[in-house]
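Take a look at the structure below.
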Amino acid sequence: MNIKRAKQELIDAVEAYLLKDEFGEYVIPLIRQRPVLLLGAPGIGKTQIMEQVARECHVGLVAYTITHHTRQSAIGLPFISHRTYDGRDYAVTEYTMSEIVASIYNKIEETGLKEGILFIDEINCVSETLAPAMLQFLQYKTFGNHEIPKGWIIVAAGNPPEYNKSVREFDVVTMDRVKKIDVEPDFQVWKEYAYQENIHPCILSYLSLRTGFFYKMETTVDGRRFATPRGWEDLSRMIFVYEKLGKAVTADVVIQYIQHPKIAGDFAGYYELYRKYEADYQIDEILQGKSFEGMIKKVAHASFDERMSVVNLLFSGVGQSIRKAVRTEEILERVFETLKMIKEVIFESGEPELIIEQHMELLREEWEHKRGAELLNRREDHCYRRALEMLEKYKNKATEAGKADGNEAFDILKKEFSEDQRAFDSLFDQAGNVLENAFDFMETAFLNSQEMVVFISDLNTDFYSIRFLQEYECERYYRYNRELLFEDVGSEIRKRIEAL
């Protein structure tokens with residue numbers, strides 16, 4: 001199954017295992033809560049979905065790559081204790097608490113989350129001395145003499161033998177005690193994640209044309225050559241930084257992340273073309289609504305790759321504008337919730353500044369708690385930061401005005417918020433105009449063609465576009481969704497792209 005489906009299976013397993021009956025006992029007894037075993041090629045996102053599952057299920061997460069551990073760190077160190085059996089004293093070997101088990105208790109203490117996931121990566125690549133302990137761990141949920149705390153679900157991950165010479169196959173007895181999930185790379189599913197994580201648009205454009213290069217693993221006389229989703233994501237972050245620093249993105253840079261010479265060279269060449277298309281087709285001017293007659297003539301004689309690159313450049317510009325509007329709206333919603341709470345009490349107070357600061361502190365504590373418990377993704381973390389900055393600005397305005405009366409102080413807060421709301425309305429309208437301008441060009445250049453199908457497909461895939469289009473009435477978006485029979489036509493287009 002693909003990584004998206006695997007993530008849902010994990011969420012379902014966590015919710016099922018943590019469900020309790022009317023007596024507070026787990027509906028599925030601990031002995032029947034099989035550890036989940038994810039098996040899939042390296043770099044396809046097994047670790048990342050564990051972080052997402054923990055956040056979405058609001059549980060703790062302790063993650064270990066077991067190949068970094070020795071038998072002693074995994075099960076503890078031996079020591080001699082004394083016991084009395086049948087009236088006689090005996091020296092008995094016991095073990096200190098496993099570092100891994102101890103880290104679970106530390107996580108509970110740090111976050112207050114008594115339930116969680118213990119994630120063990122590369123579990124089938126352990127050393128010979130540690131292998132028996134891993135089998136015991138999967139079968140009995142213990143490290144040495146110490147059990148995994150109740151409410152903590154075990155998830156392990158490993159690579160199939162063809163990807164790692166160190167892989168040890170588990171016996172039938174062990175496999176019959178786990179919930180096994182096989183995971184395969186899937187570009188269309190990863191693309192949804194990529195839009196949300198703001199993966200560089202050039203990478204998305206390239207992989208849309210060269211889907212077969214999304215994940216590639218080859219064995220040659222010179223060793224392994226590979227490209228993985230993890231490599232593309234890390235390369236994306238480096239490209240953004242290189243562009244800010246004015247540094248060249250060359251094949252020598254790309255191959256440091258995409259360790260497949262042919263793909264690295266091909267992408268480096270495409271990156272140069274992508275930047276050239278962006279300038280040649282004056283994408284920014286098209287999205288601003290300026291005349292594009294000359295560009296229509298140019299694209300009419302372009303190759304398939306070039307036309308698709310233009311479509312992806314247009315969508316990237318639309319996506320950036322929409323993303324900015326949606327994120328601003330999320331920040332304002334959080335600020336608005338705090339202002340509502342302030343409104344309920346500020347009128348009765350003779351110290352409005354104190355009331356504002358108290359509610360800011362509540363929001364700050366909520367943010368710090370969730371951040372400490374690792375329950376926030378980057379977007380949510382930035383939302384809290386920006387909301388607190390905005391409230392700080394409001395508070396300073398009220399302080400400067402010196403209003404001791406709660407009504408007057410809140411009027412200042414309301415005024416400041418209204419100004420930010422108007423700025424958002426402008427961003428929202430701007431994003432709508434950019435989308436309409438993109439449609440103007442797409443209709444003139446491609447109309448009901450395969451390029452329009454791809455454009456609509458991307459709007460249907462992008463997290464931020466979906467959010468935006470729930471509020472923005474775009475008649476052409478809905479019309480083309482109906483007219484182009486997206487699912488059927490899109491399938492054919494993807495086949496053509498993959499065959500290139």
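Chain labels run A, B, ... following the order of the structure tokens; each chain numbers its residues from 1, and ligands are numbered from 1 in the order shown.
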Counting only C-alpha atoms, what is within 10 Å of A:Ile3, bar same-chain residues fewer than 4 positions away, as a PyMOL selection string?
chain A and resi 7-9+40+44-46+48-49+182-187+189-190
Quick one: residues within 10 Å of A:Arg275, only C-alpha atoms, excluding same-chain residues fewer than 5 positions away - as an mmCIF file with C-alpha atoms, in the first residue's frame?
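What follows is the written file out27.cif:
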```
data_model
loop_
_atom_site.group_PDB
_atom_site.id
_atom_site.type_symbol
_atom_site.label_atom_id
_atom_site.label_comp_id
_atom_site.auth_asym_id
_atom_site.auth_seq_id
_atom_site.Cartn_x
_atom_site.Cartn_y
_atom_site.Cartn_z
ATOM 1 C CA CYS A 202 10.932 22.816 -9.810
ATOM 2 C CA TYR A 270 15.941 20.741 -16.085
ATOM 3 C CA ASP A 280 10.963 33.747 -20.978
ATOM 4 C CA SER A 309 6.752 23.333 -17.245
ATOM 5 C CA LEU A 313 5.230 27.531 -13.137
#
```
Go through stretch 284-367 of chain A and flag each residue having an atom no more than 9 Å from stretch 456-463 of chain A; for those, report the closest pair of atoms plus their distance in Å to one decimal, using only C-alpha atoms, ordered by chain and rising number, as a tab-separated table.
```
residue	atom	partner	partner_atom	distance
A:Asn312	CA	A:Asp458	CA	8.8
A:Phe315	CA	A:Asp458	CA	7.6
A:Gly319	CA	A:Asp462	CA	8.0
A:Arg323	CA	A:Phe463	CA	8.9
```
Skipping near chain neighbours, those fewer than 4 positions away, what residues fall within 8 Å of A:Cys57 using only C-alpha atoms, listed as a list in words?
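Within the cut-off, the hits are Ile11, Val14, Glu15 and Val53 of chain A.
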Export of the given selection (all heavy atoms) as a PDB file, in the first residue's frame:
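result-v7.pdb, freshly written:
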```pdb
ATOM      1  N   ILE A  11      -3.112   5.107  12.219  1.00  0.00           N
ATOM      2  CA  ILE A  11      -4.056   5.889  13.036  1.00  0.00           C
ATOM      3  C   ILE A  11      -5.180   4.992  13.531  1.00  0.00           C
ATOM      4  O   ILE A  11      -5.566   5.040  14.710  1.00  0.00           O
ATOM      5  CB  ILE A  11      -4.624   7.066  12.207  1.00  0.00           C
ATOM      6  CG1 ILE A  11      -3.524   8.108  11.964  1.00  0.00           C
ATOM      7  CG2 ILE A  11      -5.819   7.707  12.918  1.00  0.00           C
ATOM      8  CD1 ILE A  11      -3.939   9.228  11.036  1.00  0.00           C
ATOM      9  N   VAL A  14      -3.855   2.767  16.342  1.00  0.00           N
ATOM     10  CA  VAL A  14      -3.670   3.507  17.599  1.00  0.00           C
ATOM     11  C   VAL A  14      -5.028   3.737  18.275  1.00  0.00           C
ATOM     12  O   VAL A  14      -5.189   3.501  19.482  1.00  0.00           O
ATOM     13  CB  VAL A  14      -2.958   4.847  17.337  1.00  0.00           C
ATOM     14  CG1 VAL A  14      -2.998   5.732  18.587  1.00  0.00           C
ATOM     15  CG2 VAL A  14      -1.521   4.610  16.901  1.00  0.00           C
ATOM     16  N   GLU A  15      -5.998   4.182  17.491  1.00  0.00           N
ATOM     17  CA  GLU A  15      -7.322   4.451  18.070  1.00  0.00           C
ATOM     18  C   GLU A  15      -7.973   3.173  18.587  1.00  0.00           C
ATOM     19  O   GLU A  15      -8.633   3.177  19.640  1.00  0.00           O
ATOM     20  CB  GLU A  15      -8.208   5.115  17.016  1.00  0.00           C
ATOM     21  CG  GLU A  15      -7.760   6.535  16.673  1.00  0.00           C
ATOM     22  CD  GLU A  15      -8.600   7.165  15.567  1.00  0.00           C
ATOM     23  OE1 GLU A  15      -9.390   6.427  14.926  1.00  0.00           O
ATOM     24  OE2 GLU A  15      -8.468   8.384  15.346  1.00  0.00           O
ATOM     25  N   VAL A  53       1.297  10.727  12.741  1.00  0.00           N
ATOM     26  CA  VAL A  53       0.305   9.916  13.459  1.00  0.00           C
ATOM     27  C   VAL A  53       0.250  10.330  14.927  1.00  0.00           C
ATOM     28  O   VAL A  53      -0.831  10.486  15.507  1.00  0.00           O
ATOM     29  CB  VAL A  53       0.633   8.417  13.330  1.00  0.00           C
ATOM     30  CG1 VAL A  53      -0.224   7.589  14.292  1.00  0.00           C
ATOM     31  CG2 VAL A  53       0.400   7.944  11.892  1.00  0.00           C
TER      32      VAL A  53
END
```
For A:Ser208: contacts at 10 Å, only C-alpha atoms, fewer than 2 positions along chain excluded, given as a short mmCIF file (atom, residue, chain, number, x, y, z; two decimals) with C-alpha atoms, in the first residue's frame:
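Everything below was put into selection36.cif:
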```
data_model
loop_
_atom_site.label_atom_id
_atom_site.label_comp_id
_atom_site.auth_asym_id
_atom_site.auth_seq_id
_atom_site.Cartn_x
_atom_site.Cartn_y
_atom_site.Cartn_z
CA PHE A 187 4.43 9.88 -6.30
CA GLN A 188 0.80 11.03 -6.48
CA LYS A 191 2.71 15.10 -4.09
CA CYS A 202 10.93 22.82 -9.81
CA ILE A 203 11.20 19.40 -8.14
CA LEU A 204 7.45 18.88 -8.37
CA SER A 205 7.43 19.95 -12.00
CA TYR A 206 10.33 17.65 -12.85
CA ARG A 210 9.64 12.02 -14.84
CA THR A 211 7.53 10.07 -12.36
CA GLY A 212 9.81 7.05 -12.67
CA PHE A 213 12.64 9.05 -11.10
CA PHE A 214 10.67 9.77 -7.92
CA MET A 308 4.01 21.27 -18.86
CA SER A 309 6.75 23.33 -17.24
CA ASN A 312 3.68 24.06 -13.32
CA VAL A 454 -3.01 18.84 -15.01
CA ARG A 494 -0.41 10.45 -15.94
CA ILE A 497 3.84 11.37 -18.51
CA GLU A 498 5.16 8.22 -16.84
#
```
Residues of stretch 72-196 of chain A classed as helix (DSSP H, G or I) by DSSP on the backbone are to be reported as number ranges by chain.
A: 72-75, 99-111, 123-125, 131-140, 161-163, 172-175, 187-196
Write the selection just made, keeping N, CA and C atoms, as a tab-separated table (two decimals), in the first residue's frame?
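Output file selection38.tsv follows:
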```tsv
chain	number	residue	atom	x	y	z
A	72	GLN	N	23.57	-3.71	25.60
A	72	GLN	CA	23.52	-3.12	26.94
A	72	GLN	C	22.58	-1.91	27.00
A	73	SER	N	22.64	-1.03	25.98
A	73	SER	CA	21.78	0.15	26.01
A	73	SER	C	20.32	-0.22	25.78
A	74	ALA	N	20.09	-1.33	25.06
A	74	ALA	CA	18.72	-1.73	24.76
A	74	ALA	C	18.05	-2.43	25.94
A	75	ILE	N	18.77	-3.35	26.59
A	75	ILE	CA	18.12	-4.12	27.65
A	75	ILE	C	18.62	-3.77	29.05
A	99	GLU	N	17.59	1.82	28.51
A	99	GLU	CA	17.58	3.24	28.13
A	99	GLU	C	16.32	3.58	27.35
A	100	ILE	N	15.86	2.64	26.54
A	100	ILE	CA	14.67	2.89	25.71
A	100	ILE	C	13.42	2.97	26.57
A	101	VAL	N	13.27	2.03	27.50
A	101	VAL	CA	12.11	2.07	28.39
A	101	VAL	C	12.15	3.32	29.27
A	102	ALA	N	13.33	3.66	29.75
A	102	ALA	CA	13.46	4.86	30.59
A	102	ALA	C	13.06	6.11	29.82
A	103	SER	N	13.39	6.13	28.52
A	103	SER	CA	13.07	7.32	27.72
A	103	SER	C	11.55	7.48	27.57
A	104	ILE	N	10.81	6.38	27.62
A	104	ILE	CA	9.34	6.48	27.57
A	104	ILE	C	8.83	7.17	28.82
A	105	TYR	N	9.34	6.74	29.98
A	105	TYR	CA	8.92	7.38	31.24
A	105	TYR	C	9.33	8.86	31.26
A	106	ASN	N	10.50	9.17	30.70
A	106	ASN	CA	10.92	10.57	30.62
A	106	ASN	C	9.96	11.38	29.75
A	107	LYS	N	9.53	10.78	28.63
A	107	LYS	CA	8.60	11.46	27.73
A	107	LYS	C	7.25	11.71	28.43
A	108	ILE	N	6.79	10.72	29.19
A	108	ILE	CA	5.53	10.89	29.94
A	108	ILE	C	5.66	12.05	30.93
A	109	GLU	N	6.81	12.10	31.61
A	109	GLU	CA	7.02	13.16	32.61
A	109	GLU	C	7.13	14.53	31.95
A	110	GLU	N	7.80	14.59	30.80
A	110	GLU	CA	8.02	15.87	30.12
A	110	GLU	C	6.74	16.42	29.51
A	111	THR	N	5.91	15.54	28.95
A	111	THR	CA	4.76	15.99	28.17
A	111	THR	C	3.42	15.82	28.87
A	123	ILE	N	14.55	-2.30	12.55
A	123	ILE	CA	14.53	-3.37	13.54
A	123	ILE	C	15.09	-4.68	13.01
A	124	ASN	N	15.02	-4.89	11.70
A	124	ASN	CA	15.53	-6.15	11.15
A	124	ASN	C	16.97	-6.03	10.67
A	125	CYS	N	17.67	-4.99	11.13
A	125	CYS	CA	19.08	-4.83	10.77
A	125	CYS	C	19.98	-4.80	12.01
A	131	ALA	N	19.86	-9.29	18.27
A	131	ALA	CA	18.72	-9.90	17.58
A	131	ALA	C	17.77	-10.64	18.53
A	132	PRO	N	18.27	-11.49	19.46
A	132	PRO	CA	17.33	-12.18	20.37
A	132	PRO	C	16.50	-11.21	21.21
A	133	ALA	N	17.11	-10.09	21.62
A	133	ALA	CA	16.37	-9.11	22.41
A	133	ALA	C	15.25	-8.48	21.59
A	134	MET	N	15.49	-8.28	20.29
A	134	MET	CA	14.46	-7.69	19.43
A	134	MET	C	13.30	-8.67	19.22
A	135	LEU	N	13.62	-9.95	19.11
A	135	LEU	CA	12.55	-10.94	18.98
A	135	LEU	C	11.70	-10.99	20.25
A	136	GLN	N	12.37	-10.93	21.38
A	136	GLN	CA	11.66	-10.90	22.66
A	136	GLN	C	10.79	-9.64	22.76
A	137	PHE	N	11.34	-8.53	22.28
A	137	PHE	CA	10.63	-7.26	22.31
A	137	PHE	C	9.33	-7.35	21.50
A	138	LEU	N	9.40	-7.91	20.30
A	138	LEU	CA	8.22	-8.00	19.45
A	138	LEU	C	7.20	-9.00	20.00
A	139	GLN	N	7.70	-10.07	20.57
A	139	GLN	CA	6.79	-11.12	21.04
A	139	GLN	C	6.17	-10.80	22.39
A	140	TYR	N	6.96	-10.20	23.29
A	140	TYR	CA	6.49	-10.02	24.67
A	140	TYR	C	6.45	-8.57	25.13
A	161	PRO	N	14.93	-7.24	2.33
A	161	PRO	CA	16.31	-7.72	2.15
A	161	PRO	C	17.01	-7.15	0.92
A	162	GLU	N	16.26	-6.86	-0.14
A	162	GLU	CA	16.91	-6.39	-1.36
A	162	GLU	C	17.54	-5.01	-1.21
A	163	TYR	N	17.21	-4.29	-0.14
A	163	TYR	CA	17.77	-2.96	0.06
A	163	TYR	C	18.89	-2.91	1.08
A	172	VAL	N	8.57	-17.38	11.61
A	172	VAL	CA	7.11	-17.38	11.53
A	172	VAL	C	6.48	-17.09	12.89
A	173	VAL	N	7.10	-17.58	13.95
A	173	VAL	CA	6.56	-17.36	15.30
A	173	VAL	C	6.48	-15.86	15.60
A	174	THR	N	7.53	-15.13	15.22
A	174	THR	CA	7.54	-13.68	15.45
A	174	THR	C	6.56	-12.97	14.52
A	175	MET	N	6.60	-13.33	13.23
A	175	MET	CA	5.72	-12.67	12.26
A	175	MET	C	4.25	-12.89	12.58
A	187	PHE	N	4.20	8.45	-6.08
A	187	PHE	CA	4.43	9.88	-6.30
A	187	PHE	C	3.17	10.71	-6.10
A	188	GLN	N	2.03	10.24	-6.59
A	188	GLN	CA	0.80	11.03	-6.48
A	188	GLN	C	0.43	11.28	-5.02
A	189	VAL	N	0.66	10.30	-4.17
A	189	VAL	CA	0.39	10.48	-2.74
A	189	VAL	C	1.41	11.43	-2.13
A	190	TRP	N	2.68	11.26	-2.48
A	190	TRP	CA	3.73	12.13	-1.95
A	190	TRP	C	3.51	13.58	-2.38
A	191	LYS	N	2.93	13.76	-3.57
A	191	LYS	CA	2.71	15.10	-4.09
A	191	LYS	C	1.80	15.90	-3.16
A	192	GLU	N	0.79	15.26	-2.58
A	192	GLU	CA	-0.08	15.95	-1.62
A	192	GLU	C	0.73	16.47	-0.45
A	193	TYR	N	1.60	15.60	0.08
A	193	TYR	CA	2.47	15.98	1.18
A	193	TYR	C	3.42	17.10	0.75
A	194	ALA	N	3.94	16.99	-0.47
A	194	ALA	CA	4.92	17.95	-0.97
A	194	ALA	C	4.34	19.36	-1.07
A	195	TYR	N	3.10	19.47	-1.51
A	195	TYR	CA	2.47	20.79	-1.58
A	195	TYR	C	2.33	21.38	-0.18
A	196	GLN	N	1.93	20.57	0.77
A	196	GLN	CA	1.73	21.05	2.13
A	196	GLN	C	3.04	21.48	2.77
```
For A:Glu368, please output as a PyMOL selection string all residues within 12 Å (counting only C-alpha atoms; exclusion window: fewer than 2 positions along the same chain).
chain A and resi 110-111+361-366+370-376+380-381+384-385+388
Residue among A:Met442, A:Met217, A:Cys383, A:Ile117 lying closest to A:Tyr17, counting only C-alpha atoms:
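Distance minimum relative to A:Tyr17 lands on A:Ile117.
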